[in-house]
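Structure file input.txt; described as compact mmCIF, C-alpha atoms.
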```txt
# COMPACT_ATOMS: atom_id res chain seq x y z
CA MET A 3 -15.60 -34.23 57.18
CA ARG A 4 -16.57 -34.14 53.55
CA GLY A 5 -19.27 -31.58 54.27
CA LEU A 6 -16.71 -29.39 55.99
CA VAL A 7 -14.40 -29.46 52.95
CA VAL A 8 -17.27 -28.56 50.63
CA LEU A 9 -18.26 -25.73 52.97
CA ALA A 10 -14.67 -24.42 52.98
CA MET A 11 -14.60 -24.53 49.16
CA ILE A 12 -17.87 -22.63 48.91
CA LEU A 13 -16.54 -20.01 51.31
CA CYS A 14 -13.36 -19.67 49.25
CA ILE A 15 -15.42 -18.98 46.13
CA ALA A 16 -17.80 -16.65 47.91
CA ALA A 17 -15.21 -14.63 49.81
CA PRO A 18 -13.75 -12.53 46.94
CA GLY A 19 -17.30 -11.65 45.87
CA THR A 20 -18.17 -10.12 49.18
CA GLY A 21 -14.93 -8.14 49.10
CA ALA A 22 -15.68 -6.70 45.68
CA THR A 23 -19.06 -5.25 46.65
CA LYS A 24 -17.42 -2.99 49.19
CA MET A 25 -15.46 -0.96 46.65
CA GLU A 26 -18.16 -0.52 44.07
CA ALA A 27 -17.52 2.19 41.47
CA PRO A 28 -20.07 4.90 40.71
CA ALA A 29 -22.84 3.79 38.33
CA ALA A 30 -21.58 5.71 35.28
CA ASP A 31 -18.13 4.17 35.61
CA ALA A 32 -19.61 0.73 36.02
CA ALA A 33 -21.49 1.12 32.75
CA LEU A 34 -18.31 2.32 31.02
CA ASP A 35 -16.34 -0.56 32.51
CA LEU A 36 -18.90 -3.00 31.20
CA ARG A 37 -18.80 -1.42 27.76
CA LEU A 38 -14.99 -1.45 27.66
CA LYS A 39 -14.89 -5.03 28.87
CA LYS A 40 -17.10 -6.08 25.98
CA LEU A 41 -15.16 -3.98 23.47
CA GLU A 42 -11.84 -5.36 24.66
CA THR A 43 -13.00 -8.93 24.08
CA GLU A 44 -13.65 -8.01 20.43
CA LEU A 45 -10.12 -6.70 19.91
CA ARG A 46 -6.97 -8.71 19.41
CA CYS A 47 -3.72 -8.22 21.24
CA LEU A 48 -1.06 -8.01 18.52
CA VAL A 49 1.76 -9.25 20.70
CA CYS A 50 0.14 -12.49 21.85
CA GLN A 51 -2.02 -12.97 18.82
CA ASN A 52 -4.48 -15.50 20.14
CA GLN A 53 -5.55 -13.43 23.09
CA THR A 54 -8.02 -10.61 23.26
CA LEU A 55 -7.05 -7.21 24.53
CA ALA A 56 -8.99 -7.99 27.69
CA ASP A 57 -7.07 -11.21 28.41
CA SER A 58 -3.56 -10.11 27.56
CA ASN A 59 -0.91 -9.07 30.03
CA ALA A 60 1.45 -7.71 27.38
CA GLY A 61 2.70 -4.16 27.79
CA LEU A 62 1.19 -3.09 24.50
CA ALA A 63 -2.20 -4.52 25.47
CA ASP A 64 -2.04 -2.45 28.63
CA ASP A 65 -1.26 0.68 26.60
CA LEU A 66 -4.05 -0.07 24.15
CA ARG A 67 -6.57 -0.66 26.93
CA HIS A 68 -5.55 2.68 28.33
CA GLU A 69 -5.91 4.26 24.89
CA VAL A 70 -9.33 2.67 24.33
CA ARG A 71 -10.53 3.90 27.72
CA GLY A 72 -9.29 7.41 26.94
CA LEU A 73 -11.13 7.39 23.62
CA ALA A 74 -14.31 6.08 25.23
CA GLU A 75 -14.16 8.73 27.94
CA SER A 76 -13.77 11.44 25.31
CA GLY A 77 -17.11 10.32 23.88
CA LYS A 78 -16.02 8.13 20.97
CA SER A 79 -18.39 5.35 19.95
CA ASP A 80 -17.34 1.69 19.76
CA GLU A 81 -17.27 1.95 15.98
CA GLN A 82 -15.01 5.01 16.10
CA ILE A 83 -12.66 3.29 18.52
CA LYS A 84 -12.47 0.23 16.29
CA ALA A 85 -11.83 2.43 13.25
CA TYR A 86 -9.04 4.16 15.19
CA LEU A 87 -7.31 0.85 15.89
CA VAL A 88 -7.91 -0.56 12.40
CA ALA A 89 -6.29 2.54 10.89
CA ARG A 90 -3.13 1.71 12.86
CA TYR A 91 -3.01 -2.06 13.06
CA GLY A 92 -5.26 -3.23 10.22
CA ASP A 93 -8.28 -5.53 10.26
CA PHE A 94 -6.26 -8.06 12.21
CA VAL A 95 -7.07 -6.28 15.50
CA LEU A 96 -10.72 -7.21 15.04
CA TYR A 97 -11.76 -10.68 16.09
CA ASP A 98 -14.64 -10.34 13.62
CA PRO A 99 -13.01 -9.34 10.34
CA PRO A 100 -15.28 -7.24 8.08
CA VAL A 101 -16.78 -8.80 4.96
CA LYS A 102 -14.96 -7.35 1.99
CA GLY A 103 -13.13 -8.38 -1.16
CA ILE A 104 -10.14 -9.93 0.55
CA THR A 105 -12.14 -11.77 3.22
CA TRP A 106 -14.89 -13.30 1.08
CA LEU A 107 -13.18 -16.70 1.15
CA LEU A 108 -13.02 -16.55 4.93
CA TRP A 109 -16.71 -15.79 5.28
CA GLY A 110 -18.06 -17.65 2.25
CA GLY A 111 -15.67 -20.62 2.30
CA PRO A 112 -17.51 -22.69 4.92
CA PHE A 113 -20.84 -22.22 3.13
CA ALA A 114 -19.25 -23.09 -0.22
CA LEU A 115 -17.79 -26.26 1.33
CA LEU A 116 -21.18 -27.09 2.84
CA GLY A 117 -22.73 -26.64 -0.61
CA VAL A 118 -20.15 -28.88 -2.27
CA GLY A 119 -20.59 -31.51 0.44
CA GLY A 120 -24.36 -31.39 0.10
CA LEU A 121 -24.15 -31.74 -3.67
CA LEU A 122 -21.80 -34.71 -3.33
CA TRP A 123 -24.08 -36.33 -0.76
CA TRP A 124 -27.10 -35.85 -2.99
CA THR A 125 -25.44 -37.32 -6.09
CA ILE A 126 -24.19 -40.31 -4.12
CA LEU A 127 -27.69 -40.93 -2.75
CA GLN A 128 -29.13 -40.65 -6.24
CA ARG A 129 -26.65 -43.12 -7.62
CA ARG A 130 -27.25 -45.55 -4.79
CA ALA A 131 -31.01 -45.29 -5.18
CA ARG A 132 -30.67 -46.17 -8.86
CA ARG A 133 -28.47 -49.15 -8.08
CA VAL A 134 -30.93 -50.64 -5.57
CA SER A 135 -34.12 -49.87 -7.52
CA PRO A 136 -37.11 -52.20 -6.85
CA GLU A 137 -37.10 -53.43 -10.49
CA ALA A 138 -33.71 -54.97 -9.87
CA PHE A 139 -35.32 -57.29 -7.33
CA SER A 140 -38.44 -58.19 -9.21
CA ALA A 141 -36.34 -59.10 -12.23
CA ASP A 142 -35.81 -62.44 -10.54
CA PRO A 143 -39.28 -63.94 -9.81
CA VAL A 144 -37.91 -66.92 -7.87
CA ALA A 145 -35.94 -64.68 -5.52
CA GLU A 146 -38.92 -62.38 -5.12
CA ALA A 147 -41.22 -65.21 -4.13
CA ARG A 148 -38.62 -66.46 -1.67
CA GLY A 149 -38.31 -62.98 -0.20
CA ARG A 150 -42.03 -62.67 0.23
CA GLU A 151 -42.22 -66.03 1.96
CA LEU A 152 -39.54 -64.96 4.40
CA LEU A 153 -41.15 -61.60 5.08
CA GLU A 154 -44.65 -62.90 5.53
CA GLY A 155 -43.61 -65.87 7.64
CA THR A 156 -45.03 -68.43 5.21
CA ASP A 157 -41.67 -70.08 4.72
CA PRO A 158 -42.53 -73.70 3.91
CA THR A 159 -39.06 -74.92 4.86
CA ARG A 160 -39.68 -74.06 8.51
CA MET B 2 -17.31 -42.83 -12.45
CA LYS B 3 -14.35 -45.01 -11.42
CA ALA B 4 -12.02 -42.11 -12.11
CA MET B 5 -13.97 -39.89 -9.74
CA ARG B 6 -13.35 -42.28 -6.88
CA TRP B 7 -9.66 -41.39 -6.78
CA SER B 8 -9.61 -38.07 -8.55
CA ILE B 9 -11.82 -36.27 -6.00
CA PRO B 10 -9.78 -37.20 -2.92
CA LEU B 11 -6.63 -36.43 -4.88
CA ALA B 12 -7.96 -33.00 -5.84
CA ILE B 13 -8.94 -32.28 -2.22
CA PHE B 14 -5.52 -33.43 -1.06
CA LEU B 15 -3.74 -31.18 -3.58
CA VAL B 16 -5.83 -28.17 -2.58
CA LEU B 17 -5.07 -28.88 1.07
CA ILE B 18 -1.34 -29.16 0.32
CA ALA B 19 -1.42 -25.89 -1.60
CA PHE B 20 -3.15 -24.11 1.30
CA LEU B 21 -0.75 -25.56 3.85
CA TYR B 22 2.27 -24.73 1.69
CA VAL B 23 1.27 -21.10 1.41
CA GLY B 24 -0.11 -20.83 4.94
CA LEU B 25 2.81 -22.39 6.76
CA SER B 26 5.47 -20.50 4.82
CA ARG B 27 4.12 -17.17 6.05
CA ASP B 28 5.06 -15.54 9.30
CA PRO B 29 1.93 -14.97 11.37
CA ARG B 30 3.72 -12.23 13.27
CA GLU B 31 3.94 -10.14 10.14
CA VAL B 32 0.65 -8.35 10.02
CA PRO B 33 0.43 -6.19 6.89
CA SER B 34 0.33 -2.57 7.96
CA PRO B 35 -2.56 -0.42 6.79
CA LEU B 36 -0.18 2.55 6.95
CA ILE B 37 1.72 1.74 3.75
CA GLY B 38 0.98 4.48 1.23
CA LYS B 39 -0.45 6.75 3.92
CA PRO B 40 1.14 9.89 5.36
CA ALA B 41 3.35 9.10 8.34
CA PRO B 42 1.51 9.93 11.58
CA ALA B 43 2.59 13.26 13.01
CA PHE B 44 4.94 13.47 15.96
CA ALA B 45 6.98 16.14 17.69
CA LEU B 46 9.08 14.61 20.42
CA SER B 47 12.08 15.50 22.56
CA GLN B 48 15.39 14.30 21.24
CA LEU B 49 17.25 11.64 23.18
CA HIS B 50 20.54 13.52 23.19
CA ASP B 51 19.00 16.97 23.38
CA PRO B 52 15.76 16.73 25.39
CA ALA B 53 15.22 20.49 25.30
CA ASN B 54 14.77 20.32 21.52
CA THR B 55 12.05 18.51 19.68
CA LEU B 56 12.14 16.82 16.33
CA ALA B 57 8.97 16.57 14.27
CA ASN B 58 8.26 14.35 11.29
CA THR B 59 7.54 17.53 9.30
CA ASP B 60 11.17 18.63 9.86
CA LEU B 61 12.20 15.78 7.58
CA LYS B 62 10.00 16.72 4.61
CA GLY B 63 11.97 16.70 1.41
CA LYS B 64 14.17 13.77 2.24
CA VAL B 65 13.83 10.03 2.19
CA TRP B 66 14.47 8.63 5.65
CA LEU B 67 14.16 5.54 7.79
CA LEU B 68 12.34 5.55 11.08
CA ASN B 69 13.73 2.77 13.23
CA VAL B 70 11.76 1.93 16.37
CA TRP B 71 14.15 0.67 19.01
CA ALA B 72 14.67 0.45 22.78
CA SER B 73 17.48 -0.43 25.11
CA TRP B 74 15.33 -3.23 26.57
CA CYS B 75 14.71 -4.77 23.16
CA VAL B 76 16.71 -7.93 22.56
CA SER B 77 16.23 -8.20 18.79
CA CYS B 78 17.45 -4.62 18.44
CA ARG B 79 20.93 -5.90 19.29
CA GLN B 80 20.64 -8.31 16.43
CA GLU B 81 19.96 -5.63 13.82
CA HIS B 82 22.25 -3.02 15.33
CA PRO B 83 25.43 -3.89 13.38
CA LEU B 84 23.42 -3.61 10.16
CA LEU B 85 22.16 -0.18 11.15
CA MET B 86 25.75 0.88 11.88
CA GLN B 87 26.82 -0.32 8.42
CA LEU B 88 23.88 1.42 6.83
CA ALA B 89 24.69 4.67 8.63
CA ALA B 90 28.32 4.44 7.51
CA SER B 91 27.24 3.98 3.89
CA ASN B 92 25.36 7.32 3.99
CA SER B 93 22.71 5.95 1.65
CA VAL B 94 19.67 6.89 3.70
CA PRO B 95 19.48 8.77 7.02
CA ILE B 96 18.15 6.78 9.97
CA TYR B 97 16.10 8.40 12.69
CA GLY B 98 15.37 6.48 15.84
CA LEU B 99 12.20 6.30 17.87
CA ASP B 100 13.29 5.25 21.33
CA TYR B 101 10.13 3.40 22.31
CA LYS B 102 9.03 3.26 25.94
CA ASP B 103 12.57 3.49 27.19
CA LYS B 104 14.32 5.27 30.03
CA PRO B 105 16.31 8.10 28.41
CA ASP B 106 19.41 7.28 30.49
CA ALA B 107 19.25 3.63 29.49
CA GLY B 108 18.78 4.60 25.85
CA ARG B 109 21.78 6.93 25.85
CA ALA B 110 23.93 4.35 27.63
CA TRP B 111 22.90 1.70 25.12
CA LEU B 112 23.92 3.87 22.17
CA ALA B 113 27.17 4.85 23.88
CA GLN B 114 28.00 1.19 24.27
CA ASN B 115 26.86 -0.15 20.89
CA GLY B 116 27.39 2.87 18.65
CA ASN B 117 24.86 5.39 17.43
CA PRO B 118 23.66 4.92 13.85
CA TYR B 119 20.94 7.55 14.17
CA ALA B 120 20.97 11.08 12.78
CA ALA B 121 18.80 11.68 15.82
CA SER B 122 16.61 9.68 18.14
CA VAL B 123 13.40 10.92 19.69
CA LEU B 124 11.79 9.80 22.92
CA ASP B 125 8.43 8.09 22.88
CA LEU B 126 8.20 7.70 26.63
CA ASP B 127 4.60 6.52 26.92
CA GLY B 128 4.37 4.72 23.58
CA ARG B 129 1.64 6.97 22.15
CA VAL B 130 3.51 7.65 18.92
CA GLY B 131 4.23 3.93 18.73
CA ILE B 132 0.47 3.29 18.76
CA ASP B 133 -0.03 5.84 15.98
CA TYR B 134 2.55 3.97 13.92
CA GLY B 135 0.93 0.63 14.71
CA VAL B 136 4.04 -0.62 16.46
CA TYR B 137 3.59 -3.98 18.16
CA GLY B 138 6.92 -5.73 17.89
CA VAL B 139 10.07 -3.69 18.39
CA PRO B 140 12.24 -3.32 16.33
CA GLU B 141 10.24 -1.99 13.43
CA THR B 142 11.50 0.12 10.56
CA PHE B 143 9.55 2.47 8.30
CA LEU B 144 10.76 3.90 5.01
CA ILE B 145 9.29 7.36 4.53
CA ASP B 146 9.50 9.31 1.28
CA LYS B 147 10.06 13.01 0.50
CA GLU B 148 6.35 13.77 0.83
CA GLY B 149 6.24 12.12 4.24
CA VAL B 150 4.39 9.02 3.03
CA ILE B 151 5.22 5.60 4.50
CA ARG B 152 6.39 3.37 1.67
CA TYR B 153 7.60 0.27 3.45
CA LYS B 154 7.47 -1.29 6.88
CA GLN B 155 9.74 -3.95 8.26
CA ILE B 156 8.46 -5.76 11.34
CA GLY B 157 11.18 -7.30 13.44
CA PRO B 158 14.90 -6.90 12.95
CA LEU B 159 16.29 -5.73 9.62
CA THR B 160 18.23 -8.33 7.70
CA MET B 161 20.88 -7.99 5.02
CA GLU B 162 18.35 -9.54 2.68
CA SER B 163 15.51 -7.12 3.47
CA LEU B 164 17.89 -4.16 3.15
CA LYS B 165 19.45 -5.23 -0.13
CA GLU B 166 16.33 -6.53 -1.80
CA LYS B 167 13.64 -4.16 -0.62
CA ILE B 168 14.57 -1.15 1.45
CA LEU B 169 17.66 0.17 -0.32
CA PRO B 170 16.38 -0.25 -3.90
CA LEU B 171 13.12 1.43 -2.91
CA ALA B 172 14.97 4.22 -1.10
CA ARG B 173 17.15 4.84 -4.18
CA GLU B 174 14.05 4.93 -6.33
CA LEU B 175 12.38 7.44 -4.02
CA GLN B 176 15.47 9.63 -3.78
CA LYS B 177 15.45 10.31 -7.50
```
Would you mind giving the structure from this file in structure tokens?
Amino acid sequence: MRGLVVLAMILCIAAPGTGATKMEAPAADAALDLRLKKLETELRCLVCQNQTLADSNAGLADDLRHEVRGLAESGKSDEQIKAYLVARYGDFVLYDPPVKGITWLLWGGPFALLGVGGLLWWTILQRRARRVSPEAFSADPVAEARGRELLEGTDPTR
Amino acid sequence: MKAMRWSIPLAIFLVLIAFLYVGLSRDPREVPSPLIGKPAPAFALSQLHDPANTLANTDLKGKVWLLNVWASWCVSCRQEHPLLMQLAASNSVPIYGLDYKDKPDAGRAWLAQNGNPYAASVLDLDGRVGIDYGVYGVPETFLIDKEGVIRYKQIGPLTMESLKEKILPLARELQK
């Protein structure tokens, strides 16, 4: 019974795949589709701001996909297409904002925080190392002797 | 050393509060337009009430005007409509409409019902001009100067506040 259910599930997954192979587009179109798919995942839909152009169902996203395809078909490079959209919608359409004056905090911030954290960690370690320096122990000869006895197993009280 | 124990977390907390205060008080839907200070993208489109005739942005050179992007299907456009009517009645700055991705019949009916504040409206049937203007949330309003340069963009419905504090003073300045 269980095997049958698993088999049915596998068939369900496999079925759409076999359907798709039948209506395969010409090779050139397939390459373009692939390129557009990748490009669309790097662009933001401005209506539903946390979705890429590829994921969004918004009307504007549809129009922009159409526009991007038209530009690509007219021989524009990915960079030119991005520049076209940035000129209209600003850097916000790019999921990877460019490094420039206004975005240095965005790009550099995490590294600066890492640096500050590292510095803090180092100073704390330094301070701690000073506090538990070996001299502090050997300052008390009785305690040191007792420690040695315990460590070396020559504890006479046992 | 003792002081550092509380002063560092306090400083981090204050920085965090400052970031949150600024960050949360901004509207993420308002994406600054790169078009401010740039020449308004060219268009030449059929007029809503006179489809045989076109209106181009270059026809409006020499005057300060508002381009209001609207549509009969747009809910927030109803919200700003009374303000546009008032503004049109005051004759302070001419308003031109860009009827964005709308059915011309529906657009005309909508204006007949709610009043027409526009000197003229043009039809952007497929939304191509909208893309050139970076439109992503109708209604949007652009203030364009005598040279045809975009000077201000309002995303979302106009408010009394945005008109009185930004658009009208700037329009008066540009009209000089």
Against chain A, which residues of chain B fall within 12 Å? For each one I want the closest pair of atoms and the distance in Å (one decimal), counting all atoms listed in the file, rows by chain and increasing residue number, as a Markdown table.
```
| residue | atom | partner | partner_atom | distance |
| --- | --- | --- | --- | --- |
| B:Met2 | CA | A:Arg129 | CA | 10.5 |
| B:Met5 | CA | A:Leu122 | CA | 11.4 |
| B:Arg6 | CA | A:Ile126 | CA | 11.4 |
| B:Ile9 | CA | A:Leu122 | CA | 10.4 |
| B:Ile13 | CA | A:Leu115 | CA | 11.3 |
| B:Pro29 | CA | A:Gln51 | CA | 8.7 |
| B:Arg30 | CA | A:Gln51 | CA | 8.0 |
| B:Glu31 | CA | A:Leu48 | CA | 10.0 |
| B:Val32 | CA | A:Phe94 | CA | 7.3 |
| B:Pro33 | CA | A:Gly92 | CA | 7.2 |
| B:Ser34 | CA | A:Gly92 | CA | 6.1 |
| B:Pro35 | CA | A:Gly92 | CA | 5.2 |
| B:Leu36 | CA | A:Arg90 | CA | 6.7 |
| B:Ile37 | CA | A:Arg90 | CA | 10.3 |
| B:Lys39 | CA | A:Ala89 | CA | 10.0 |
| B:Pro40 | CA | A:Ala89 | CA | 11.8 |
| B:Ala41 | CA | A:Arg90 | CA | 10.8 |
| B:Pro42 | CA | A:Arg90 | CA | 9.5 |
| B:Tyr101 | CA | A:Leu62 | CA | 11.3 |
| B:Lys102 | CA | A:Gly61 | CA | 9.9 |
| B:Leu126 | CA | A:Asp65 | CA | 11.8 |
| B:Asp127 | CA | A:Asp65 | CA | 8.3 |
| B:Gly128 | CA | A:Asp65 | CA | 7.6 |
| B:Arg129 | CA | A:Asp65 | CA | 8.2 |
| B:Val130 | CA | A:Arg90 | CA | 10.8 |
| B:Gly131 | CA | A:Leu62 | CA | 9.6 |
| B:Ile132 | CA | A:Arg90 | CA | 7.1 |
| B:Asp133 | CA | A:Arg90 | CA | 6.0 |
| B:Tyr134 | CA | A:Arg90 | CA | 6.2 |
| B:Gly135 | CA | A:Arg90 | CA | 4.6 |
| B:Val136 | CA | A:Tyr91 | CA | 8.0 |
| B:Tyr137 | CA | A:Val49 | CA | 6.1 |
| B:Gly138 | CA | A:Val49 | CA | 6.8 |
| B:Val139 | CA | A:Val49 | CA | 10.3 |
```
A straight line from CA of Glu141 in chain B to CA of Leu85 in chain B spans 12.3 Å
Exercise. Fewer than 2 positions away in the same chain doesn't count, so skip those; otherwise give me all residues within 12 Å of Lys39 in chain A, counting all atoms listed in the file, as a PyMOL selection string.
Key: chain A and resi 31-37+41-45+54-57+67+70-71+74+80
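Pairwise distance (CA of His82 in chain B, CA of Tyr97 in chain B) equals 13.2 Å.
CA of Leu115 in chain A to CA of Ala12 in chain B spans 13.9 Å [interatomic distance, one decimal].
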Write out as a PDB file with C-alpha atoms, in the coordinates of the input the residues lying within 9 Å of Cys75 in chain B, counting only C-alpha atoms and excluding same-chain residues fewer than 4 positions away.
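File written: out25.pdb
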```pdb
ATOM      1  CA  TRP B  71      14.150   0.670  19.010  1.00  0.00           C
ATOM      2  CA  ARG B  79      20.930  -5.900  19.290  1.00  0.00           C
ATOM      3  CA  VAL B 139      10.070  -3.690  18.390  1.00  0.00           C
ATOM      4  CA  PRO B 140      12.240  -3.320  16.330  1.00  0.00           C
TER       5      PRO B 140
END
```
List as a PDB file with C-alpha atoms, in the coordinates of the input the protein and nucleic acid residues near Ile168 in chain B, meaning an atom at most 9 Å away when only C-alpha atoms are counted, but skip any in the same chain fewer than 6 places from it.
```pdb
ATOM      1  CA  LEU B 144      10.760   3.900   5.010  1.00  0.00           C
ATOM      2  CA  TYR B 153       7.600   0.270   3.450  1.00  0.00           C
ATOM      3  CA  LYS B 154       7.470  -1.290   6.880  1.00  0.00           C
ATOM      4  CA  GLN B 155       9.740  -3.950   8.260  1.00  0.00           C
TER       5      GLN B 155
END
```
